[in-house]
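Next comes data35.pdb, with PDB, C-alpha atoms (C1' of nucleotides).
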```
ATOM      1  CA  MET A   1     -37.739  -4.331  14.921
ATOM      2  CA  PRO A   2     -34.554  -5.901  13.672
ATOM      3  CA  HIS A   3     -31.292  -4.152  13.371
ATOM      4  CA  GLU A   4     -29.994  -2.565  10.316
ATOM      5  CA  PRO A   5     -28.060  -5.010   8.259
ATOM      6  CA  ASN A   6     -28.425  -4.218   4.711
ATOM      7  CA  GLY A   7     -27.213  -1.002   3.431
ATOM      8  CA  HIS A   8     -26.471  -0.197  -0.060
ATOM      9  CA  THR A   9     -28.262   2.226  -2.178
ATOM     10  CA  ALA A  10     -26.098   5.242  -1.926
ATOM     11  CA  ASP A  11     -28.149   7.209   0.463
ATOM     12  CA  GLN A  12     -27.178  10.215   2.414
ATOM     13  CA  VAL A  13     -29.847  10.236   5.067
ATOM     14  CA  SER A  14     -28.914   9.045   8.519
ATOM     15  CA  ASP A  15     -27.068  11.676  10.443
ATOM     16  CA  GLY A  16     -26.360   8.871  12.817
ATOM     17  CA  LEU A  17     -27.285  10.113  16.270
ATOM     18  CA  ALA A  18     -29.713  12.695  15.027
ATOM     19  CA  GLU A  19     -31.515   9.883  13.290
ATOM     20  CA  ASP A  20     -32.314   8.079  16.529
ATOM     21  CA  ARG A  21     -33.400  11.261  18.173
ATOM     22  CA  ALA A  22     -35.617  12.165  15.273
ATOM     23  CA  GLY A  23     -37.280   8.790  15.508
ATOM     24  CA  ALA A  24     -37.954   9.209  19.198
ATOM     25  CA  VAL A  25     -39.413  12.653  18.601
ATOM     26  CA  PHE A  26     -41.702  11.515  15.804
ATOM     27  CA  GLY A  27     -42.733   8.552  17.874
ATOM     28  CA  ALA A  28     -43.555  10.785  20.809
ATOM     29  CA  LEU A  29     -45.503  13.207  18.668
ATOM     30  CA  ALA A  30     -47.335  10.422  16.871
ATOM     31  CA  ASP A  31     -49.842  10.049  19.697
ATOM     32  CA  PRO A  32     -52.643  12.619  19.892
ATOM     33  CA  VAL A  33     -52.686  12.535  23.674
ATOM     34  CA  ARG A  34     -48.982  13.246  23.752
ATOM     35  CA  ARG A  35     -49.270  16.111  21.278
ATOM     36  CA  ARG A  36     -52.027  17.520  23.409
ATOM     37  CA  LEU A  37     -49.963  17.188  26.572
ATOM     38  CA  PHE A  38     -46.935  18.675  24.913
ATOM     39  CA  SER A  39     -48.758  21.703  23.664
ATOM     40  CA  GLU A  40     -50.425  22.255  27.014
ATOM     41  CA  ILE A  41     -47.113  22.059  28.770
ATOM     42  CA  ALA A  42     -45.647  24.432  26.222
ATOM     43  CA  ALA A  43     -48.383  26.888  27.080
ATOM     44  CA  HIS A  44     -48.047  26.321  30.806
ATOM     45  CA  PRO A  45     -45.671  23.984  32.676
ATOM     46  CA  SER A  46     -47.687  21.495  34.687
ATOM     47  CA  THR A  47     -47.638  18.351  36.785
ATOM     48  CA  ALA A  48     -48.953  14.929  35.850
ATOM     49  CA  THR A  49     -52.018  15.157  38.068
ATOM     50  CA  GLU A  50     -52.895  18.600  36.828
ATOM     51  CA  LEU A  51     -52.751  17.374  33.262
ATOM     52  CA  ALA A  52     -54.724  14.262  34.093
ATOM     53  CA  ASN A  53     -57.552  16.396  35.446
ATOM     54  CA  GLY A  54     -58.188  17.743  32.000
ATOM     55  CA  LEU A  55     -58.176  14.350  30.332
ATOM     56  CA  PRO A  56     -60.373  11.245  30.396
ATOM     57  CA  ILE A  57     -57.458   9.009  31.359
ATOM     58  CA  SER A  58     -55.733   8.152  34.618
ATOM     59  CA  ARG A  59     -52.790   9.962  36.087
ATOM     60  CA  GLN A  60     -50.596   6.939  35.541
ATOM     61  CA  ALA A  61     -51.450   6.892  31.874
ATOM     62  CA  VAL A  62     -50.476  10.536  31.670
ATOM     63  CA  ALA A  63     -47.275   9.788  33.543
ATOM     64  CA  LYS A  64     -46.346   7.177  30.957
ATOM     65  CA  HIS A  65     -46.913   9.642  28.163
ATOM     66  CA  LEU A  66     -44.798  12.197  29.938
ATOM     67  CA  ASN A  67     -42.065   9.613  30.171
ATOM     68  CA  SER A  68     -42.219   9.037  26.428
ATOM     69  CA  LEU A  69     -41.943  12.734  25.789
ATOM     70  CA  SER A  70     -39.196  12.957  28.330
ATOM     71  CA  ASP A  71     -37.287  10.072  26.773
ATOM     72  CA  ALA A  72     -37.501  11.835  23.452
ATOM     73  CA  GLY A  73     -35.868  14.798  25.132
ATOM     74  CA  LEU A  74     -38.904  16.976  24.661
ATOM     75  CA  LEU A  75     -39.606  17.541  28.335
ATOM     76  CA  GLU A  76     -37.643  18.527  31.358
ATOM     77  CA  ARG A  77     -38.571  17.417  34.879
ATOM     78  CA  GLU A  78     -38.337  19.772  37.778
ATOM     79  CA  ARG A  79     -39.055  18.451  41.230
ATOM     80  CA  ALA A  80     -40.646  20.767  43.764
ATOM     81  CA  GLY A  81     -41.374  19.001  47.002
ATOM     82  CA  ARG A  82     -43.765  16.217  46.253
ATOM     83  CA  ASP A  83     -44.719  17.695  42.901
ATOM     84  CA  VAL A  84     -42.925  17.199  39.615
ATOM     85  CA  ARG A  85     -43.445  19.979  37.157
ATOM     86  CA  TYR A  86     -42.724  19.487  33.460
ATOM     87  CA  ARG A  87     -41.648  22.070  30.941
ATOM     88  CA  VAL A  88     -40.717  21.770  27.286
ATOM     89  CA  THR A  89     -37.227  21.680  25.842
ATOM     90  CA  PRO A  90     -37.727  22.335  22.139
ATOM     91  CA  GLN A  91     -34.262  21.571  20.792
ATOM     92  CA  PRO A  92     -35.286  18.078  19.686
ATOM     93  CA  LEU A  93     -38.053  19.667  17.667
ATOM     94  CA  SER A  94     -35.445  21.573  15.759
ATOM     95  CA  GLU A  95     -33.650  18.360  14.934
ATOM     96  CA  ALA A  96     -36.835  16.768  13.714
ATOM     97  CA  VAL A  97     -37.584  19.814  11.619
ATOM     98  CA  SER A  98     -34.109  19.585  10.183
ATOM     99  CA  TRP A  99     -34.679  16.021   9.122
ATOM    100  CA  MET A 100     -37.886  16.950   7.364
ATOM    101  CA  ALA A 101     -36.433  20.007   5.732
ATOM    102  CA  GLU A 102     -33.461  17.996   4.544
ATOM    103  CA  VAL A 103     -35.429  15.148   3.051
ATOM    104  CA  GLY A 104     -38.348  17.164   1.768
ATOM    105  CA  GLY A 105     -36.271  20.120   0.694
ATOM    106  CA  GLN A 106     -35.394  18.427  -2.567
ATOM    107  CA  TRP A 107     -39.031  18.557  -3.531
ATOM    108  CA  ASP A 108     -40.601  21.431  -1.739
ATOM    109  CA  GLU A 109     -39.604  25.029  -2.126
ATOM    110  CA  ARG A 110     -40.777  26.083   1.317
ATOM    111  CA  LEU A 111     -38.964  23.238   3.030
ATOM    112  CA  ALA A 112     -35.819  24.029   1.111
ATOM    113  CA  ARG A 113     -35.926  27.540   2.486
ATOM    114  CA  LEU A 114     -36.432  26.126   5.950
ATOM    115  CA  ALA A 115     -33.368  23.986   5.558
ATOM    116  CA  GLN A 116     -31.431  27.141   4.793
ATOM    117  CA  THR A 117     -32.883  29.006   7.712
ATOM    118  CA  LEU A 118     -31.751  26.195   9.975
ATOM    119  CA  GLU A 119     -28.302  25.800   8.498
ATOM    120  CA  ARG A 120     -26.694  28.671  10.289
TER
ATOM    121  CA  MET B   1     -62.565   3.307  46.470
ATOM    122  CA  PRO B   2     -60.797   6.518  45.868
ATOM    123  CA  HIS B   3     -59.997   6.734  42.256
ATOM    124  CA  GLU B   4     -61.394   8.178  39.164
ATOM    125  CA  PRO B   5     -60.041  11.600  38.474
ATOM    126  CA  ASN B   6     -61.723  13.744  35.990
ATOM    127  CA  GLY B   7     -65.079  13.022  34.670
ATOM    128  CA  HIS B   8     -65.808  16.218  32.938
ATOM    129  CA  THR B   9     -62.943  16.864  30.716
ATOM    130  CA  ALA B  10     -63.695  19.604  28.370
ATOM    131  CA  ASP B  11     -61.545  17.879  25.850
ATOM    132  CA  GLN B  12     -61.919  19.166  22.319
ATOM    133  CA  VAL B  13     -58.361  19.257  21.306
ATOM    134  CA  SER B  14     -59.189  22.230  19.242
ATOM    135  CA  ASP B  15     -55.944  22.671  17.446
ATOM    136  CA  GLY B  16     -58.408  21.903  14.783
ATOM    137  CA  LEU B  17     -57.407  22.030  11.205
ATOM    138  CA  ALA B  18     -54.435  19.987  10.292
ATOM    139  CA  GLU B  19     -54.358  18.222  13.601
ATOM    140  CA  ASP B  20     -55.386  14.906  12.120
ATOM    141  CA  ARG B  21     -53.013  15.203   9.271
ATOM    142  CA  ALA B  22     -50.155  16.095  11.558
ATOM    143  CA  GLY B  23     -50.827  13.002  13.604
ATOM    144  CA  ALA B  24     -50.775  10.776  10.568
ATOM    145  CA  VAL B  25     -47.534  12.308   9.398
ATOM    146  CA  PHE B  26     -45.791  11.910  12.744
ATOM    147  CA  GLY B  27     -47.085   8.393  12.967
ATOM    148  CA  ALA B  28     -45.771   7.565   9.540
ATOM    149  CA  LEU B  29     -42.396   9.103  10.263
ATOM    150  CA  ALA B  30     -42.159   7.417  13.642
ATOM    151  CA  ASP B  31     -40.968   4.183  12.114
ATOM    152  CA  PRO B  32     -37.306   3.985  11.065
ATOM    153  CA  VAL B  33     -38.103   1.773   8.097
ATOM    154  CA  ARG B  34     -40.664   4.264   6.895
ATOM    155  CA  ARG B  35     -38.285   7.190   7.283
ATOM    156  CA  ARG B  36     -35.745   5.230   5.336
ATOM    157  CA  LEU B  37     -38.216   4.429   2.590
ATOM    158  CA  PHE B  38     -39.434   7.975   2.443
ATOM    159  CA  SER B  39     -35.980   9.424   2.095
ATOM    160  CA  GLU B  40     -35.051   6.876  -0.566
ATOM    161  CA  ILE B  41     -38.162   7.686  -2.505
ATOM    162  CA  ALA B  42     -37.425  11.366  -2.121
ATOM    163  CA  ALA B  43     -34.038  10.740  -3.668
ATOM    164  CA  HIS B  44     -35.434   8.500  -6.365
ATOM    165  CA  PRO B  45     -39.037   7.444  -7.009
ATOM    166  CA  SER B  46     -39.288   3.659  -6.796
ATOM    167  CA  THR B  47     -41.572   0.643  -6.683
ATOM    168  CA  ALA B  48     -42.262  -1.596  -3.725
ATOM    169  CA  THR B  49     -40.159  -4.464  -4.999
ATOM    170  CA  GLU B  50     -37.241  -2.213  -5.803
ATOM    171  CA  LEU B  51     -37.318  -0.837  -2.299
ATOM    172  CA  ALA B  52     -37.698  -4.281  -0.784
ATOM    173  CA  ASN B  53     -34.514  -5.403  -2.518
ATOM    174  CA  GLY B  54     -32.523  -2.983  -0.435
ATOM    175  CA  LEU B  55     -34.084  -4.069   2.831
ATOM    176  CA  PRO B  56     -34.121  -7.195   4.992
ATOM    177  CA  ILE B  57     -37.903  -7.404   4.916
ATOM    178  CA  SER B  58     -40.461  -8.765   2.492
ATOM    179  CA  ARG B  59     -42.091  -6.850  -0.314
ATOM    180  CA  GLN B  60     -45.444  -7.055   1.409
ATOM    181  CA  ALA B  61     -44.022  -5.495   4.529
ATOM    182  CA  VAL B  62     -42.684  -2.671   2.407
ATOM    183  CA  ALA B  63     -46.048  -2.346   0.719
ATOM    184  CA  LYS B  64     -47.729  -1.891   4.083
ATOM    185  CA  HIS B  65     -45.278   0.826   5.012
ATOM    186  CA  LEU B  66     -45.882   2.537   1.713
ATOM    187  CA  ASN B  67     -49.585   2.457   2.455
ATOM    188  CA  SER B  68     -48.987   4.142   5.797
ATOM    189  CA  LEU B  69     -46.956   6.847   4.145
ATOM    190  CA  SER B  70     -49.542   7.124   1.444
ATOM    191  CA  ASP B  71     -52.383   7.406   3.942
ATOM    192  CA  ALA B  72     -50.506  10.213   5.619
ATOM    193  CA  GLY B  73     -50.448  11.934   2.262
ATOM    194  CA  LEU B  74     -46.697  11.732   2.026
ATOM    195  CA  LEU B  75     -46.591   9.577  -1.079
ATOM    196  CA  GLU B  76     -48.228   9.584  -4.456
ATOM    197  CA  ARG B  77     -48.888   6.388  -6.419
ATOM    198  CA  GLU B  78     -48.346   6.265 -10.126
ATOM    199  CA  ARG B  79     -49.263   3.105 -11.962
ATOM    200  CA  ALA B  80     -47.192   2.122 -14.973
ATOM    201  CA  GLY B  81     -48.318  -1.153 -16.420
ATOM    202  CA  ARG B  82     -47.870  -3.767 -13.753
ATOM    203  CA  ASP B  83     -45.556  -1.537 -11.725
ATOM    204  CA  VAL B  84     -46.555   1.050  -9.200
ATOM    205  CA  ARG B  85     -44.041   3.800  -8.724
ATOM    206  CA  TYR B  86     -44.103   6.040  -5.649
ATOM    207  CA  ARG B  87     -42.962   9.607  -5.341
ATOM    208  CA  VAL B  88     -43.061  12.034  -2.451
ATOM    209  CA  THR B  89     -45.583  14.817  -1.924
ATOM    210  CA  PRO B  90     -44.036  16.994   0.747
ATOM    211  CA  GLN B  91     -46.895  19.333   1.560
ATOM    212  CA  PRO B  92     -47.852  17.310   4.641
ATOM    213  CA  LEU B  93     -44.325  17.747   5.890
ATOM    214  CA  SER B  94     -44.837  21.464   5.809
ATOM    215  CA  GLU B  95     -47.954  21.121   7.907
ATOM    216  CA  ALA B  96     -46.130  19.012  10.429
ATOM    217  CA  VAL B  97     -43.332  21.529  10.541
ATOM    218  CA  SER B  98     -45.880  24.246  11.083
ATOM    219  CA  TRP B  99     -47.308  22.416  14.052
ATOM    220  CA  MET B 100     -43.887  22.074  15.614
ATOM    221  CA  ALA B 101     -42.894  25.637  14.900
ATOM    222  CA  GLU B 102     -46.154  26.868  16.347
ATOM    223  CA  VAL B 103     -45.988  24.892  19.563
ATOM    224  CA  GLY B 104     -42.256  25.101  20.078
ATOM    225  CA  GLY B 105     -41.937  28.631  18.816
ATOM    226  CA  GLN B 106     -42.994  30.016  22.162
ATOM    227  CA  TRP B 107     -39.863  28.570  23.670
ATOM    228  CA  ASP B 108     -37.290  28.319  20.985
ATOM    229  CA  GLU B 109     -35.868  31.228  19.075
ATOM    230  CA  ARG B 110     -34.993  29.189  16.002
ATOM    231  CA  LEU B 111     -38.435  27.608  15.799
ATOM    232  CA  ALA B 112     -40.075  30.973  16.190
ATOM    233  CA  ARG B 113     -38.148  32.181  13.177
ATOM    234  CA  LEU B 114     -39.241  29.089  11.289
ATOM    235  CA  ALA B 115     -42.829  29.857  12.078
ATOM    236  CA  GLN B 116     -42.329  33.229  10.509
ATOM    237  CA  THR B 117     -40.639  31.813   7.460
ATOM    238  CA  LEU B 118     -43.654  29.563   6.974
ATOM    239  CA  GLU B 119     -46.248  32.228   7.567
ATOM    240  CA  ARG B 120     -46.191  33.732   4.144
TER
ATOM    241  C1'  DC C   1     -49.060  13.244  64.763
ATOM    242  C1'  DA C   2     -52.602  11.820  61.438
ATOM    243  C1'  DG C   3     -54.597  12.104  57.203
ATOM    244  C1'  DA C   4     -54.616  13.717  52.571
ATOM    245  C1'  DT C   5     -51.965  14.316  48.415
ATOM    246  C1'  DA C   6     -48.604  13.339  44.600
ATOM    247  C1'  DC C   7     -45.551  10.333  42.763
ATOM    248  C1'  DG C   8     -43.383   5.777  41.163
ATOM    249  C1'  DC C   9     -43.416   0.938  40.436
ATOM    250  C1'  DA C  10     -45.400  -3.319  38.985
ATOM    251  C1'  DA C  11     -48.763  -6.606  37.345
ATOM    252  C1'  DC C  12     -52.159  -7.160  34.217
ATOM    253  C1'  DC C  13     -55.283  -6.749  29.961
ATOM    254  C1'  DT C  14     -56.144  -5.748  25.088
ATOM    255  C1'  DA C  15     -55.661  -3.757  20.651
ATOM    256  C1'  DC C  16     -52.884  -2.861  17.118
ATOM    257  C1'  DG C  17     -48.566  -2.527  14.443
ATOM    258  C1'  DG C  18     -45.050  -4.785  11.903
ATOM    259  C1'  DG C  19     -43.747  -8.943  10.192
ATOM    260  C1'  DT C  20     -44.605 -13.389   7.684
ATOM    261  C1'  DT C  21     -46.656 -16.764   4.219
ATOM    262  C1'  DG C  22     -49.812 -18.109   0.666
ATOM    263  C1'  DC C  23     -52.434 -17.206  -3.299
ATOM    264  C1'  DA C  24     -55.048 -14.907  -7.079
ATOM    265  C1'  DC C  25     -54.861 -11.549 -10.649
ATOM    266  C1'  DG C  26     -53.096  -8.630 -14.373
ATOM    267  C1'  DT C  27     -49.388  -7.311 -17.370
ATOM    268  C1'  DG C  28     -45.168  -7.811 -20.243
ATOM    269  C1'  DG C  29     -41.729 -10.390 -22.620
ATOM    270  C1'  DA C  30     -39.851 -14.512 -25.112
TER
ATOM    271  C1'  DT D   1     -49.325 -18.348 -26.400
ATOM    272  C1'  DC D   2     -47.307 -19.220 -22.071
ATOM    273  C1'  DC D   3     -44.893 -18.051 -18.216
ATOM    274  C1'  DA D   4     -42.486 -15.017 -15.168
ATOM    275  C1'  DC D   5     -42.918 -11.033 -12.599
ATOM    276  C1'  DG D   6     -45.163  -7.180  -9.760
ATOM    277  C1'  DT D   7     -49.106  -6.198  -7.156
ATOM    278  C1'  DG D   8     -53.002  -6.722  -3.860
ATOM    279  C1'  DC D   9     -55.561  -9.243  -0.475
ATOM    280  C1'  DA D  10     -56.093 -12.184   3.543
ATOM    281  C1'  DA D  11     -54.944 -15.040   7.337
ATOM    282  C1'  DC D  12     -51.928 -15.540  10.878
ATOM    283  C1'  DC D  13     -48.125 -14.733  14.664
ATOM    284  C1'  DC D  14     -46.068 -12.028  18.158
ATOM    285  C1'  DG D  15     -44.361  -8.052  20.658
ATOM    286  C1'  DT D  16     -45.325  -3.870  22.559
ATOM    287  C1'  DA D  17     -47.877   0.522  23.215
ATOM    288  C1'  DG D  18     -51.567   2.458  25.883
ATOM    289  C1'  DG D  19     -54.660   1.736  29.289
ATOM    290  C1'  DT D  20     -56.124   0.045  33.980
ATOM    291  C1'  DT D  21     -55.792  -1.148  39.079
ATOM    292  C1'  DG D  22     -53.261  -1.812  43.278
ATOM    293  C1'  DC D  23     -49.942  -0.546  46.444
ATOM    294  C1'  DG D  24     -45.849   1.600  48.767
ATOM    295  C1'  DT D  25     -43.505   5.816  49.878
ATOM    296  C1'  DA D  26     -42.471  10.750  50.435
ATOM    297  C1'  DT D  27     -44.245  15.212  51.412
ATOM    298  C1'  DC D  28     -47.496  18.620  52.718
ATOM    299  C1'  DT D  29     -51.077  20.300  55.977
ATOM    300  C1'  DG D  30     -54.585  20.659  59.739
TER
END
```
Kindly return the structure encoded in the file as structure tokens.
Amino acid sequence: MPHEPNGHTADQVSDGLAEDRAGAVFGALADPVRRRLFSEIAAHPSTATELANGLPISRQAVAKHLNSLSDAGLLERERAGRDVRYRVTPQPLSEAVSWMAEVGGQWDERLARLAQTLER
Amino acid sequence: MPHEPNGHTADQVSDGLAEDRAGAVFGALADPVRRRLFSEIAAHPSTATELANGLPISRQAVAKHLNSLSDAGLLERERAGRDVRYRVTPQPLSEAVSWMAEVGGQWDERLARLAQTLER
DNA sequence: CAGATACGCAACCTACGGGTTGCACGTGGA
DNA sequence: TCCACGTGCAACCCGTAGGTTGCGTATCTG
């Protein structure tokens, strides 16, 4: 993954920082296990071991996924004694949605409306 | 040897429906090059070689990315003689947005409103 | 206090993603 | 007609994402 030399083609795109964040969010949500974890945590904040109990993978694997989600800013860690409980922080989702609405809004009526809804 | 959590896992992700599609979309959008390509195509339908000219990578690399996007249903191919021109088909974006609004809506006011906007 | 429990770190393995090059094929222009 | 150009396919290279096991440490509990 090289840098970003180039650049021409008058493009609007990149909101700079938001761009990086959006990438991290999409990357995090790209994995089915992570989507699953995220939605479970959204429904009920949990710890790594709890989540691992419901999945066919090890706790450490789950922990790695939680780190990805965390790095993308989608999760918040809360330590309670020896447990670490995770809960969702959906702001990054909004940013990702914004990106999609912005890019796709030129072509899709619904997305265009979304973009407006988000604007304010 | 203490190890091995789980073992029963009633896993069945069960978000059913557009779950697969959503995954493909997030996966496609996870890569910065692909986001770039997608947004350029959204602004102006183009061919692989055209797009490659604006990037530091080979045409074949671009072609692969376009296939990813295409597989995710985000692009539409239109053959014109020896050229193949791509244009965006944003419906999958809407589905992805729906997923996010649905999951994140429980926690975020803005996303909840989005979910409503999409409902109808 | 002793043992179980939950976490974090690190080493390791493997598959796959993103990139390259090379070449064959079809189409369009001079 | 002949050749240049755009595409598609395949082989190949390499880094890293996702998984494992092993182990050390902190905390809870009997």
Task: Expected selection from the PyMOL selection byres ((chain B and resi 89) around 12), given as a ChimeraX atom specification - done: /A:103-109,111 /B:25,38-39,41-42,45,69-77,86-88,90-95
TODO: Dump as an MDAnalysis selection string the residues of chain D that approach chain B to within 9 Å, counting only C-alpha atoms (C1' of nucleotides).
DONE: chainID D and resid 5:7
Open item on the list: Distance cut-off 10 Å, counting all atoms listed in the file - which residues of chain C neighbour chain B? Return them as a count of residues only.
Closed with: 6
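Copy-to-copy comparison places chain B at a Cα RMSD of 4.5 Å from chain A, following a least-squares fit over all residues.
Put simply, C1' of DC9 in chain C is 26.1 Å away from CA of Glu40 in chain A.
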TODO: Please write the residues picked by the PyMOL selection byres ((chain C and resi 23) around 12) on this file as a PyMOL selection string.
DONE: (chain C and resi 21-22+24-25) or (chain D and resi 8-11)
Starting from the PyMOL selection byres ((chain D and resi 20) around 8), expand the selection into actual residues of this file and give them as an mmCIF file with C-alpha atoms (C1' of nucleotides), keeping the file's coordinate frame.
```
data_model
loop_
_atom_site.group_PDB
_atom_site.id
_atom_site.type_symbol
_atom_site.label_atom_id
_atom_site.label_comp_id
_atom_site.auth_asym_id
_atom_site.auth_seq_id
_atom_site.Cartn_x
_atom_site.Cartn_y
_atom_site.Cartn_z
ATOM 1 C "C1'" DC C 13 -55.283 -6.749 29.961
ATOM 2 C "C1'" DG D 19 -54.660 1.736 29.289
ATOM 3 C "C1'" DT D 21 -55.792 -1.148 39.079
#
```
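Note that CA of Ala52 in chain A and C1' of DA10 in chain C are 20.5 Å apart.
Comparing the minimum interatomic distances between chain A and each of B:Leu66, B:Ala30, B:Glu78, B:Trp99, counting only C-alpha atoms, we find that B:Ala30 sits nearest.
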